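*Asks:* Below is the file protein30.tsv, with TSV, C-alpha atoms and all ligand atoms.
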chain	number	residue	atom	x	y	z
A	705	MET	CA	19.37	-18.22	8.79
A	706	ASN	CA	18.20	-16.15	5.88
A	707	LEU	CA	15.85	-13.78	7.67
A	708	PRO	CA	15.64	-10.08	6.87
A	709	THR	CA	17.31	-8.00	9.57
A	710	LYS	CA	14.19	-6.12	10.63
A	711	ILE	CA	12.07	-9.18	11.38
A	712	ASP	CA	10.45	-9.20	14.79
A	713	PRO	CA	12.68	-11.35	17.04
A	714	LYS	CA	9.65	-13.18	18.45
A	715	ALA	CA	8.54	-14.13	14.92
A	716	ALA	CA	12.09	-15.21	14.02
A	717	LYS	CA	12.13	-17.48	17.04
A	718	ALA	CA	8.76	-18.97	16.11
A	719	ILE	CA	9.87	-19.65	12.54
A	720	GLY	CA	13.19	-21.20	13.52
A	721	PRO	CA	16.22	-21.59	11.25
A	722	LEU	CA	15.58	-21.54	7.49
A	723	PRO	CA	17.70	-23.10	4.77
A	724	ALA	CA	19.82	-20.64	2.75
A	725	GLU	CA	17.74	-21.07	-0.43
A	726	HIS	CA	14.46	-20.30	1.41
A	727	PRO	CA	12.69	-17.14	0.14
A	728	PRO	CA	12.80	-14.27	2.65
A	729	VAL	CA	10.10	-14.49	5.30
A	730	ARG	CA	8.82	-11.09	6.28
A	731	VAL	CA	6.38	-11.36	9.15
A	732	GLY	CA	5.74	-10.18	12.68
A	733	LYS	CA	4.82	-6.55	12.09
A	734	VAL	CA	1.43	-4.83	11.95
A	735	GLY	CA	0.74	-2.16	9.35
A	736	VAL	CA	-1.66	0.76	9.68
A	737	LEU	CA	-2.58	2.22	6.33
A	738	LEU	CA	-4.38	5.58	6.23
A	739	VAL	CA	-6.11	6.19	2.89
A	740	ASN	CA	-7.58	9.43	1.64
A	741	LEU	CA	-9.23	10.32	-1.64
A	742	GLY	CA	-6.29	11.47	-3.70
A	743	THR	CA	-5.00	14.43	-5.43
A	744	PRO	CA	-3.20	15.46	-8.61
A	745	ASP	CA	0.62	15.60	-8.75
A	746	GLY	CA	0.52	19.11	-10.19
A	747	THR	CA	-1.88	21.78	-11.36
A	748	ASP	CA	-0.94	21.67	-15.07
A	749	TYR	CA	-3.11	20.08	-17.73
A	750	ALA	CA	-1.34	16.67	-17.89
A	751	PRO	CA	-1.31	15.76	-14.15
A	752	MET	CA	-4.82	17.16	-13.74
A	753	ARG	CA	-6.12	15.10	-16.66
A	754	ARG	CA	-4.41	11.94	-15.35
A	755	TYR	CA	-5.97	12.40	-11.91
A	756	LEU	CA	-9.45	13.25	-13.18
A	757	LYS	CA	-9.35	10.34	-15.62
A	758	GLU	CA	-8.61	7.86	-12.85
A	759	PHE	CA	-11.17	9.45	-10.50
A	760	LEU	CA	-14.02	9.85	-12.95
A	761	SER	CA	-13.54	6.42	-14.57
A	762	ASP	CA	-14.32	4.81	-11.23
A	763	PRO	CA	-17.75	3.15	-11.56
A	764	ARG	CA	-18.31	3.64	-7.82
A	765	VAL	CA	-18.11	7.41	-8.43
A	766	ILE	CA	-20.00	7.68	-11.73
A	767	GLU	CA	-22.60	4.93	-11.92
A	768	TRP	CA	-23.77	5.71	-15.45
A	769	PRO	CA	-23.31	2.89	-18.01
A	770	LYS	CA	-19.87	3.21	-19.65
A	771	ALA	CA	-21.47	3.39	-23.11
A	772	ILE	CA	-23.12	6.66	-22.06
A	773	TRP	CA	-20.49	8.06	-19.68
A	774	TYR	CA	-17.22	7.44	-21.54
A	775	PRO	CA	-18.08	9.52	-24.65
A	776	ILE	CA	-18.94	12.41	-22.30
A	777	LEU	CA	-15.86	11.82	-20.12
A	778	TYR	CA	-13.39	11.57	-23.01
A	779	GLY	CA	-15.18	13.93	-25.39
A	780	ILE	CA	-15.99	16.79	-23.01
A	781	VAL	CA	-14.98	16.45	-19.34
A	782	LEU	CA	-11.31	15.48	-19.83
A	783	ASN	CA	-10.88	18.26	-22.38
A	784	THR	CA	-12.36	21.06	-20.30
A	785	ARG	CA	-12.15	20.20	-16.61
A	786	PRO	CA	-8.35	19.74	-16.21
A	787	LYS	CA	-7.78	23.43	-16.99
A	788	LYS	CA	-10.64	24.67	-14.81
A	789	SER	CA	-9.83	22.40	-11.85
A	790	GLY	CA	-6.08	23.04	-12.27
A	791	ALA	CA	-6.69	26.78	-11.83
A	792	ALA	CA	-8.71	26.08	-8.68
A	793	TYR	CA	-6.00	23.79	-7.26
A	794	ALA	CA	-3.37	26.45	-8.06
A	795	GLU	CA	-5.14	28.81	-5.64
A	796	ILE	CA	-4.69	26.48	-2.68
A	797	TRP	CA	-1.47	24.62	-3.69
A	798	ASN	CA	1.18	24.14	-0.99
A	799	GLN	CA	4.00	25.89	-2.86
A	800	GLU	CA	6.62	25.05	-0.26
A	801	ARG	CA	6.19	21.30	-0.74
A	802	ASN	CA	4.80	21.52	-4.27
A	803	GLU	CA	1.78	19.40	-3.43
A	804	SER	CA	-1.88	19.78	-2.54
A	805	PRO	CA	-2.94	20.46	1.05
A	806	LEU	CA	-4.71	17.09	1.15
A	807	ARG	CA	-1.41	15.30	0.60
A	808	THR	CA	0.40	17.51	3.13
A	809	PHE	CA	-2.20	16.82	5.83
A	810	THR	CA	-2.45	13.10	5.09
A	811	ARG	CA	1.33	12.72	5.35
A	812	SER	CA	1.37	14.63	8.62
A	813	GLN	CA	-1.49	12.51	10.01
A	814	GLY	CA	0.51	9.39	9.14
A	815	GLU	CA	3.66	10.75	10.80
A	816	LYS	CA	1.85	11.87	13.93
A	817	LEU	CA	0.00	8.57	14.25
A	818	GLY	CA	3.32	6.75	13.90
A	819	GLU	CA	4.71	8.83	16.79
A	820	ALA	CA	1.59	8.24	18.90
A	821	LEU	CA	1.93	4.48	18.46
A	822	GLY	CA	5.71	4.67	18.92
A	823	GLU	CA	5.68	2.49	22.04
A	824	HIS	CA	4.75	-0.46	19.79
A	825	ASP	CA	7.85	-1.01	17.71
A	826	HIS	CA	6.19	-3.75	15.66
A	827	VAL	CA	3.59	-1.26	14.30
A	828	ILE	CA	4.34	0.59	11.04
A	829	VAL	CA	2.12	3.48	9.93
A	830	ASP	CA	1.93	4.60	6.32
A	831	TRP	CA	-0.52	6.45	4.05
A	832	ALA	CA	-1.84	6.22	0.52
A	833	MET	CA	-4.31	7.74	-1.91
A	834	ARG	CA	-7.26	6.11	-3.71
A	835	TYR	CA	-6.50	8.12	-6.87
A	836	GLY	CA	-2.99	9.23	-7.73
A	837	GLN	CA	0.13	8.75	-5.64
A	838	PRO	CA	1.21	7.04	-3.47
A	839	SER	CA	-1.13	4.29	-4.60
A	840	ILE	CA	-2.79	1.81	-2.25
A	841	GLU	CA	-1.10	-1.09	-4.04
A	842	THR	CA	2.40	0.39	-3.76
A	843	VAL	CA	2.08	1.17	-0.07
A	844	THR	CA	0.41	-2.14	0.80
A	845	LYS	CA	3.26	-4.00	-0.92
A	846	SER	CA	5.79	-1.83	0.85
A	847	LEU	CA	4.20	-2.58	4.24
A	848	MET	CA	4.43	-6.29	3.48
A	849	GLU	CA	8.04	-5.97	2.40
A	850	ARG	CA	8.68	-4.34	5.76
A	851	GLY	CA	7.31	-7.42	7.51
A	852	CYS	CA	3.61	-6.61	8.01
A	853	ASP	CA	1.53	-9.76	7.93
A	854	ARG	CA	-1.44	-7.90	9.44
A	855	ILE	CA	-2.79	-4.59	8.16
A	856	VAL	CA	-5.43	-2.21	9.51
A	857	MET	CA	-6.64	-0.12	6.59
A	858	PHE	CA	-8.41	3.12	7.44
A	859	PRO	CA	-10.49	4.89	4.74
A	860	LEU	CA	-10.40	8.47	6.01
A	861	TYR	CA	-14.11	9.22	5.61
A	862	PRO	CA	-16.25	9.75	8.74
A	863	GLN	CA	-19.50	9.04	6.86
A	864	TYR	CA	-19.75	5.91	4.71
A	865	SER	CA	-20.49	6.25	1.02
A	866	ALA	CA	-20.05	3.76	-1.79
A	867	THR	CA	-18.38	6.62	-3.69
A	868	THR	CA	-15.61	6.92	-1.08
A	869	THR	CA	-15.31	4.21	1.60
A	870	ALA	CA	-16.35	1.33	-0.65
A	871	THR	CA	-14.06	2.29	-3.50
A	872	VAL	CA	-11.09	2.52	-1.12
A	873	ASN	CA	-11.95	-0.94	0.19
A	874	ASP	CA	-12.30	-2.22	-3.40
A	875	LYS	CA	-8.87	-0.91	-4.33
A	876	PHE	CA	-7.25	-2.36	-1.23
A	877	PHE	CA	-8.74	-5.80	-1.86
A	878	GLU	CA	-7.84	-5.52	-5.55
A	879	ALA	CA	-4.22	-5.12	-4.45
A	880	LEU	CA	-4.53	-8.18	-2.20
A	881	MET	CA	-6.07	-10.17	-5.07
A	882	LYS	CA	-2.69	-10.07	-6.81
A	883	MET	CA	-0.77	-11.43	-3.82
A	884	ARG	CA	0.20	-15.02	-3.18
A	885	PHE	CA	0.91	-14.32	0.49
A	886	GLN	CA	-1.82	-12.01	1.75
A	887	PRO	CA	-1.78	-10.20	5.09
A	888	ALA	CA	-4.65	-10.59	7.56
A	889	VAL	CA	-6.65	-7.38	7.24
A	890	ARG	CA	-9.10	-5.21	9.10
A	891	THR	CA	-10.84	-2.16	7.70
A	892	VAL	CA	-11.88	0.73	9.93
A	893	PRO	CA	-15.63	1.38	9.71
A	894	SER	CA	-17.21	4.80	9.26
A	895	TYR	CA	-17.41	6.79	12.46
A	896	GLN	CA	-20.20	9.32	11.93
A	897	ASP	CA	-21.45	8.92	15.51
A	898	GLU	CA	-18.28	8.09	17.46
A	899	PRO	CA	-18.12	10.22	20.63
A	900	VAL	CA	-14.44	11.05	20.08
A	901	TYR	CA	-15.24	12.44	16.61
A	902	ILE	CA	-18.28	14.45	17.76
A	903	GLU	CA	-16.30	15.84	20.67
A	904	ALA	CA	-13.36	16.79	18.43
A	905	LEU	CA	-15.67	18.62	16.02
A	906	ALA	CA	-17.49	20.39	18.85
A	907	ARG	CA	-14.23	21.57	20.43
A	908	SER	CA	-12.80	22.79	17.15
A	909	ILE	CA	-16.00	24.75	16.48
A	910	GLU	CA	-16.01	26.23	19.98
A	911	LYS	CA	-12.34	27.17	19.76
A	912	HIS	CA	-12.81	28.81	16.38
A	913	LEU	CA	-15.91	30.74	17.42
A	914	GLU	CA	-14.15	32.02	20.56
A	915	SER	CA	-11.44	33.53	18.34
A	916	LEU	CA	-13.93	35.63	16.33
A	917	ASP	CA	-15.04	39.21	16.97
A	918	PHE	CA	-18.60	38.31	15.85
A	919	GLU	CA	-21.09	35.60	16.68
A	920	PRO	CA	-22.50	33.69	13.70
A	921	GLU	CA	-26.29	33.63	13.59
A	922	VAL	CA	-26.15	30.41	11.58
A	923	VAL	CA	-23.53	27.65	11.41
A	924	ILE	CA	-23.56	25.34	8.38
A	925	ALA	CA	-22.25	21.79	8.47
A	926	SER	CA	-21.38	21.40	4.78
A	927	TYR	CA	-20.81	17.85	3.53
A	928	HIS	CA	-19.67	16.77	0.07
A	929	GLY	CA	-22.78	15.78	-1.88
A	930	ILE	CA	-23.61	12.64	-3.82
A	931	PRO	CA	-26.29	12.22	-6.51
A	932	GLN	CA	-29.76	11.72	-5.00
A	933	SER	CA	-30.18	8.58	-7.11
A	934	TYR	CA	-27.33	6.90	-5.15
A	935	PHE	CA	-29.14	7.70	-1.89
A	936	ARG	CA	-32.40	6.28	-3.24
A	937	ARG	CA	-30.56	3.09	-4.23
A	938	GLY	CA	-29.36	2.60	-0.65
A	939	ASP	CA	-26.20	4.59	0.00
A	940	PRO	CA	-26.36	5.42	3.74
A	941	TYR	CA	-24.27	8.58	3.35
A	942	HIS	CA	-27.16	11.04	3.76
A	943	CYS	CA	-28.29	9.39	7.01
A	944	HIS	CA	-24.72	9.36	8.33
A	945	CYS	CA	-24.36	13.09	7.64
A	946	GLN	CA	-27.67	13.86	9.31
A	947	LYS	CA	-26.64	11.83	12.34
A	948	THR	CA	-23.31	13.63	12.73
A	949	THR	CA	-25.09	16.99	12.66
A	950	ARG	CA	-27.79	15.85	15.08
A	951	LEU	CA	-25.21	14.64	17.61
A	952	LEU	CA	-23.30	17.88	17.25
A	953	ARG	CA	-26.47	19.89	17.85
A	954	GLU	CA	-27.07	17.89	21.02
A	955	ARG	CA	-23.48	18.38	22.18
A	956	LEU	CA	-23.46	22.12	21.42
A	957	GLY	CA	-27.02	22.76	22.63
A	958	TRP	CA	-28.01	24.32	19.30
A	959	ASP	CA	-31.30	23.95	17.42
A	960	GLU	CA	-31.92	23.23	13.73
A	961	LYS	CA	-31.96	26.90	12.83
A	962	LYS	CA	-28.55	27.52	14.36
A	963	LEU	CA	-26.82	24.40	12.98
A	964	MET	CA	-27.89	23.38	9.46
A	965	THR	CA	-26.86	20.48	7.24
A	966	CYS	CA	-26.01	21.31	3.61
A	967	PHE	CA	-24.30	19.55	0.69
A	968	GLN	CA	-21.65	20.98	-1.61
A	969	SER	CA	-19.51	20.11	-4.66
A	970	ARG	CA	-22.20	19.12	-7.21
A	971	PHE	CA	-20.95	17.52	-10.40
A	972	GLY	CA	-22.94	16.95	-13.60
A	973	PRO	CA	-26.59	17.44	-14.47
A	974	GLU	CA	-28.28	15.12	-11.91
A	975	GLU	CA	-29.96	16.31	-8.72
A	976	TRP	CA	-27.65	15.92	-5.74
A	977	LEU	CA	-28.41	15.78	-2.03
A	978	GLN	CA	-29.99	19.01	-0.85
A	979	PRO	CA	-30.03	21.70	0.46
A	980	TYR	CA	-27.06	22.90	-1.58
A	981	THR	CA	-24.47	24.88	0.38
A	982	ASP	CA	-23.95	27.66	-2.20
A	983	LYS	CA	-27.70	28.28	-2.64
A	984	THR	CA	-28.25	28.24	1.15
A	985	VAL	CA	-25.44	30.70	1.82
A	986	GLU	CA	-26.90	33.07	-0.79
A	987	LYS	CA	-30.47	32.65	0.52
A	988	LEU	CA	-29.42	33.33	4.10
A	989	ALA	CA	-27.67	36.56	3.06
A	990	ARG	CA	-30.70	37.66	1.02
A	991	GLU	CA	-32.96	36.98	4.02
A	992	GLY	CA	-30.87	39.38	6.08
A	993	VAL	CA	-28.55	37.02	7.96
A	994	LYS	CA	-25.33	38.99	8.45
A	995	SER	CA	-22.93	36.49	10.03
A	996	ILE	CA	-22.38	32.82	9.28
A	997	ALA	CA	-19.78	30.11	9.85
A	998	VAL	CA	-19.28	27.05	7.65
A	999	PHE	CA	-17.40	23.89	8.56
A	1000	ASN	CA	-16.85	20.55	6.79
A	1001	PRO	CA	-17.36	17.59	9.13
A	1002	GLY	CA	-17.12	15.05	6.29
A	1003	PHE	CA	-13.59	16.05	5.31
A	1004	VAL	CA	-10.77	14.72	7.47
A	1005	SER	CA	-8.40	17.26	5.92
A	1006	ASP	CA	-8.72	20.60	4.27
A	1007	CYS	CA	-8.56	20.27	0.51
A	1008	LEU	CA	-9.78	21.83	-2.70
A	1009	GLU	CA	-13.42	21.40	-1.72
A	1010	THR	CA	-13.06	23.14	1.64
A	1011	LEU	CA	-10.41	25.78	0.94
A	1012	GLU	CA	-11.37	26.90	-2.53
A	1013	GLU	CA	-15.06	26.06	-2.72
A	1014	ILE	CA	-16.08	27.01	0.84
A	1015	ALA	CA	-13.47	29.36	2.38
A	1016	GLY	CA	-13.14	31.06	-1.02
A	1017	GLU	CA	-16.23	30.82	-3.22
A	1018	ALA	CA	-18.96	30.40	-0.60
A	1019	GLY	CA	-17.57	33.41	1.28
A	1020	GLU	CA	-17.75	35.48	-1.91
A	1021	ILE	CA	-21.33	34.38	-2.58
A	1022	PHE	CA	-22.34	35.36	0.94
A	1023	HIS	CA	-20.75	38.82	0.72
A	1024	GLU	CA	-22.10	39.49	-2.78
A	1025	ALA	CA	-25.64	38.68	-1.58
A	1026	GLY	CA	-25.38	41.18	1.27
A	1027	GLY	CA	-23.82	39.14	4.10
A	1028	LYS	CA	-21.21	40.79	6.32
A	1029	ASN	CA	-19.23	38.25	8.33
A	1030	PHE	CA	-18.25	34.87	6.88
A	1031	THR	CA	-15.86	32.43	8.48
A	1032	HIS	CA	-14.68	28.97	7.47
A	1033	ILE	CA	-13.83	26.65	10.37
A	1034	PRO	CA	-10.85	24.49	9.36
A	1035	CYS	CA	-11.11	20.71	9.21
A	1036	LEU	CA	-9.66	18.64	12.04
A	1037	ASN	CA	-6.54	18.04	9.91
A	1038	ASP	CA	-3.50	17.05	12.02
A	1039	THR	CA	-4.57	19.03	15.11
A	1040	ASP	CA	-4.55	17.37	18.53
A	1041	GLU	CA	-8.34	16.95	18.27
A	1042	GLY	CA	-8.07	15.42	14.81
A	1043	MET	CA	-5.27	13.07	15.81
A	1044	ALA	CA	-7.24	11.98	18.90
A	1045	VAL	CA	-9.99	10.75	16.55
A	1046	ILE	CA	-7.63	8.86	14.26
A	1047	GLU	CA	-5.60	7.39	17.11
A	1048	THR	CA	-8.65	6.27	19.12
A	1049	LEU	CA	-10.20	4.46	16.16
A	1050	VAL	CA	-6.93	2.88	15.08
A	1051	ARG	CA	-6.13	1.65	18.61
A	1052	ARG	CA	-9.61	0.10	18.80
A	1053	GLU	CA	-9.15	-1.72	15.49
A	1054	LEU	CA	-5.66	-2.84	16.54
A	1055	SER	CA	-7.03	-4.60	19.61
A	1056	GLY	CA	-5.50	-8.03	20.01
A	1057	TRP	CA	-2.74	-7.11	17.56
A	1058	LEU	CA	-0.75	-4.80	19.83
B	1101	LIG	C1	-19.68	12.32	-9.44
B	1101	LIG	C2	-18.61	12.85	-8.97
B	1101	LIG	C3	-18.19	12.88	-7.56
B	1101	LIG	C4	-18.72	12.25	-6.43
B	1101	LIG	C5	-19.90	11.32	-6.32
B	1101	LIG	C6	-17.89	12.64	-5.32
B	1101	LIG	C7	-18.08	12.23	-4.00
B	1101	LIG	C8	-17.26	12.59	-2.92
B	1101	LIG	N1	-16.04	13.24	-2.98
B	1101	LIG	C9	-15.56	13.43	-1.69
B	1101	LIG	C10	-14.38	14.08	-1.33
B	1101	LIG	C11	-13.57	14.84	-2.18
B	1101	LIG	N2	-13.81	15.12	-3.50
B	1101	LIG	C12	-12.78	15.91	-3.98
B	1101	LIG	C13	-12.64	16.38	-5.28
B	1101	LIG	C14	-13.45	16.03	-6.34
B	1101	LIG	N3	-14.66	15.36	-6.31
B	1101	LIG	C15	-15.13	15.16	-7.59
B	1101	LIG	C16	-16.28	14.47	-7.98
B	1101	LIG	C17	-17.07	13.67	-7.13
B	1101	LIG	N4	-16.93	13.47	-5.78
B	1101	LIG	C18	-14.18	15.77	-8.49
B	1101	LIG	C19	-14.30	15.78	-9.99
B	1101	LIG	C20	-13.14	16.28	-7.72
B	1101	LIG	C21	-11.85	16.92	-8.23
B	1101	LIG	C22	-11.82	18.34	-8.25
B	1101	LIG	C23	-12.69	18.92	-9.29
B	1101	LIG	O1	-12.38	18.79	-10.46
B	1101	LIG	O2	-13.72	19.47	-8.89
B	1101	LIG	C24	-11.84	16.15	-2.92
B	1101	LIG	C25	-10.63	17.07	-2.97
B	1101	LIG	C26	-9.32	16.42	-3.38
B	1101	LIG	C27	-8.15	17.38	-3.26
B	1101	LIG	O3	-7.13	17.05	-3.82
B	1101	LIG	O4	-8.18	18.44	-2.65
B	1101	LIG	C28	-12.33	15.47	-1.80
B	1101	LIG	C29	-11.68	15.37	-0.45
B	1101	LIG	C30	-16.52	12.85	-0.80
B	1101	LIG	C31	-16.37	12.85	0.70
B	1101	LIG	C32	-17.55	12.34	-1.56
B	1101	LIG	C33	-18.79	11.62	-1.19
B	1101	LIG	C34	-19.23	11.43	-0.01
B	1102	FE	FE	-15.59	14.64	-4.59
B	1103	FE	FE	-31.66	9.66	5.96
Can you give me the file's structure in the form of structure tokens?
Ligand SMILES: C=CC1=C(C)c2cc3[nH]c(cc4nc(cc5[nH]c(cc1n2)c(C)c5CCC(=O)O)C(CCC(=O)O)=C4C)c(C)c3C=C
Ligand SMILES: [Fe+2]
Ligand SMILES: [Fe+2]

*Replies:*
Amino acid sequence: MNLPTKIDPKAAKAIGPLPAEHPPVRVGKVGVLLVNLGTPDGTDYAPMRRYLKEFLSDPRVIEWPKAIWYPILYGIVLNTRPKKSGAAYAEIWNQERNESPLRTFTRSQGEKLGEALGEHDHVIVDWAMRYGQPSIETVTKSLMERGCDRIVMFPLYPQYSATTTATVNDKFFEALMKMRFQPAVRTVPSYQDEPVYIEALARSIEKHLESLDFEPEVVIASYHGIPQSYFRRGDPYHCHCQKTTRLLRERLGWDEKKLMTCFQSRFGPEEWLQPYTDKTVEKLAREGVKSIAVFNPGFVSDCLETLEEIAGEAGEIFHEAGGKNFTHIPCLNDTDEGMAVIETLVRRELSGWL
């Protein structure tokens, strides 16, 4: 028999003896692949440029015709933005591991999910990034080399957008397109209204607010924006964000004045989904609101956009405009609440494969 040592014994039995010259048969395991957006390998010009080039060349992210976009991308954006974004990443970099917080949290989520599913020794959990390393293709191949002939792929975005969920799916299927022997696959759908997710967010908000010595008059659910034109062309992201906030309001017993929906992280000259978080924070302070809290339900892990743009910049804007108390509520990250969401959805998608 020429079977790899780690093959599932049940699968080995089903296959039966193979001739010595037979190529290795690696089957019997189930892979779970967590995928987040991605992140640069370092904050210097070269890694930043490499990351931004891959990200901003994605036609799912920038829908402008290449003939218009590429001269701007190569002529302006990739000359100026690496330095600016690198400085922002440097402020939040995990120095101990020399990596971004997004990578640290994604790795930890993968490890904790692996432990949670530990009773199933035929399940292998791994993680990858849409842009940068480790790539979806590398990790998918590695799962297959480890015997996975079935893979559940989980794009780590609660609300669906073509700019995030769809491009992760594209990249995953692009990797499969190159394979002779493809695994059976399932992709985890968006979960903007899943009770386990709403409950996890509500508890993390409640816990955080209990730890404060002030009570926010307004709480902002700040989601990453997308251009309005994408919404008009049918991207359901805006509706998904609104639904998450509405369900949270119902769960927390808050009205629309207490819990607002805003959109952050604009890029380029187009109009993006509104109201904008930075403008809202400033307006609230100018109107006399003294205490606010901001959280980021659309981000599975804290990252540049939550730590630097919200915890840092938005806080400064609020204080400069006359606000007194500003607090950023961390993302679910690898907390028990956050892992309960990931584990519940993965177990559901694994049904029949466990
Ligand atoms: C047109 C550009 C962009 C769209 C559309 C977009 C959508 C989008 N992004 C996220 C989540 C994240 N984005 C992050 C960083 C980031 N986003 C853009 C541009 C668009 N995003 C850029 C250029 C960058 C890089 C940083 C910068 O130069 O400003 C991150 C953080 C990654 C990290 O390493 O920390 C996340 C997460 C969502 C959810 C989304 C649409 C729904
Ligand atoms: Fe983004
Ligand atoms: Fe809508």

*Asks:* Fewer than 6 positions away in the same chain doesn't count, so skip those; otherwise give me all residues within 7 Å of stretch 852-864 of chain A, counting all atoms listed in the file, as a tab-separated table (two decimals) with C-alpha atoms, in the coordinates of the input.

*Replies:*
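Okay, part_9.tsv is ready:
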chain	number	residue	atom	x	y	z
A	731	VAL	CA	6.38	-11.36	9.15
A	732	GLY	CA	5.74	-10.18	12.68
A	733	LYS	CA	4.82	-6.55	12.09
A	734	VAL	CA	1.43	-4.83	11.95
A	735	GLY	CA	0.74	-2.16	9.35
A	736	VAL	CA	-1.66	0.76	9.68
A	737	LEU	CA	-2.58	2.22	6.33
A	738	LEU	CA	-4.38	5.58	6.23
A	739	VAL	CA	-6.11	6.19	2.89
A	740	ASN	CA	-7.58	9.43	1.64
A	872	VAL	CA	-11.09	2.52	-1.12
A	887	PRO	CA	-1.78	-10.20	5.09
A	888	ALA	CA	-4.65	-10.59	7.56
A	889	VAL	CA	-6.65	-7.38	7.24
A	890	ARG	CA	-9.10	-5.21	9.10
A	891	THR	CA	-10.84	-2.16	7.70
A	892	VAL	CA	-11.88	0.73	9.93
A	894	SER	CA	-17.21	4.80	9.26
A	895	TYR	CA	-17.41	6.79	12.46
A	896	GLN	CA	-20.20	9.32	11.93
A	940	PRO	CA	-26.36	5.42	3.74
A	941	TYR	CA	-24.27	8.58	3.35
A	944	HIS	CA	-24.72	9.36	8.33
A	945	CYS	CA	-24.36	13.09	7.64
A	1002	GLY	CA	-17.12	15.05	6.29
A	1003	PHE	CA	-13.59	16.05	5.31
A	1004	VAL	CA	-10.77	14.72	7.47

*Asks:* May I ask which of the residues A:Met883, A:Val781, A:Leu1008, A:Leu913 is the closest one to ligand LIG 1101 (chain B), counting all atoms listed in the file?

*Replies:*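 Nearest to ligand LIG 1101 (chain B): A:Leu1008.
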
*Asks:* For ligand FE 1103 (chain B), list the contacting residues at 12 Å or closer, counting all atoms listed in the file, as a ChimeraX atom specification.

*Replies:* /A:932,935-936,938-950,965,977-978

*Asks:* Let's have the selection written as an mmCIF file, keeping the file's coordinate frame, with C-alpha atoms.

*Replies:*
data_model
loop_
_atom_site.group_PDB
_atom_site.id
_atom_site.type_symbol
_atom_site.label_atom_id
_atom_site.label_comp_id
_atom_site.auth_asym_id
_atom_site.auth_seq_id
_atom_site.Cartn_x
_atom_site.Cartn_y
_atom_site.Cartn_z
ATOM 1 C CA GLN A 932 -29.760 11.720 -5.000
ATOM 2 C CA PHE A 935 -29.140 7.700 -1.890
ATOM 3 C CA ARG A 936 -32.400 6.280 -3.240
ATOM 4 C CA GLY A 938 -29.360 2.600 -0.650
ATOM 5 C CA ASP A 939 -26.200 4.590 0.000
ATOM 6 C CA PRO A 940 -26.360 5.420 3.740
ATOM 7 C CA TYR A 941 -24.270 8.580 3.350
ATOM 8 C CA HIS A 942 -27.160 11.040 3.760
ATOM 9 C CA CYS A 943 -28.290 9.390 7.010
ATOM 10 C CA HIS A 944 -24.720 9.360 8.330
ATOM 11 C CA CYS A 945 -24.360 13.090 7.640
ATOM 12 C CA GLN A 946 -27.670 13.860 9.310
ATOM 13 C CA LYS A 947 -26.640 11.830 12.340
ATOM 14 C CA THR A 948 -23.310 13.630 12.730
ATOM 15 C CA THR A 949 -25.090 16.990 12.660
ATOM 16 C CA ARG A 950 -27.790 15.850 15.080
ATOM 17 C CA THR A 965 -26.860 20.480 7.240
ATOM 18 C CA LEU A 977 -28.410 15.780 -2.030
ATOM 19 C CA GLN A 978 -29.990 19.010 -0.850
#

*Asks:* Taking all atoms listed in the file into account, report as a PyMOL selection string which residues have an atom no farther than 12 Å from an atom of ligand FE 1102 (chain B).

*Replies:* chain A and resi 740-743+756+759-760+762+764-766+834-835+861+865+867-868+927-931+967-972+1002-1003+1007-1010+1013

*Asks:* Compare A:Tyr901, A:Trp831, A:Tyr980, A:Tyr934 by their minimum atom-to-atom distance to A:Glu815, counting all atoms listed in the file, and give me the closest one.

*Replies:*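 Closest residue, counting all atoms listed in the file: A:Trp831.
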
*Asks:* Pick the closest to ligand LIG 1101 (chain B) from A:Ser908, A:Asn1029, A:Thr747, A:Thr842: which is it, counting only C-alpha atoms and all ligand atoms?

*Replies:*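 So, comparing all the options, the nearest one is A:Thr747.
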
*Asks:* So what do you get for atom CA of A:Phe809 versus atom CA of A:Thr1039, distance-wise?

*Replies:*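 Straight-line distance from atom CA of A:Phe809 to atom CA of A:Thr1039 works out to 9.8 Å.
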
*Asks:* So which one's closest to A:Trp797, A:Leu956, A:Ala724, A:Leu1011, A:Ile780? Using only C-alpha atoms, please.

*Replies:* A:Leu1011

*Asks:* Rounded to one decimal in Å, what is the spacing between atom CA of A:Arg1052 and atom CA of A:Pro893?

*Replies:*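 Between atom CA of A:Arg1052 and atom CA of A:Pro893 the gap is 11.0 Å.
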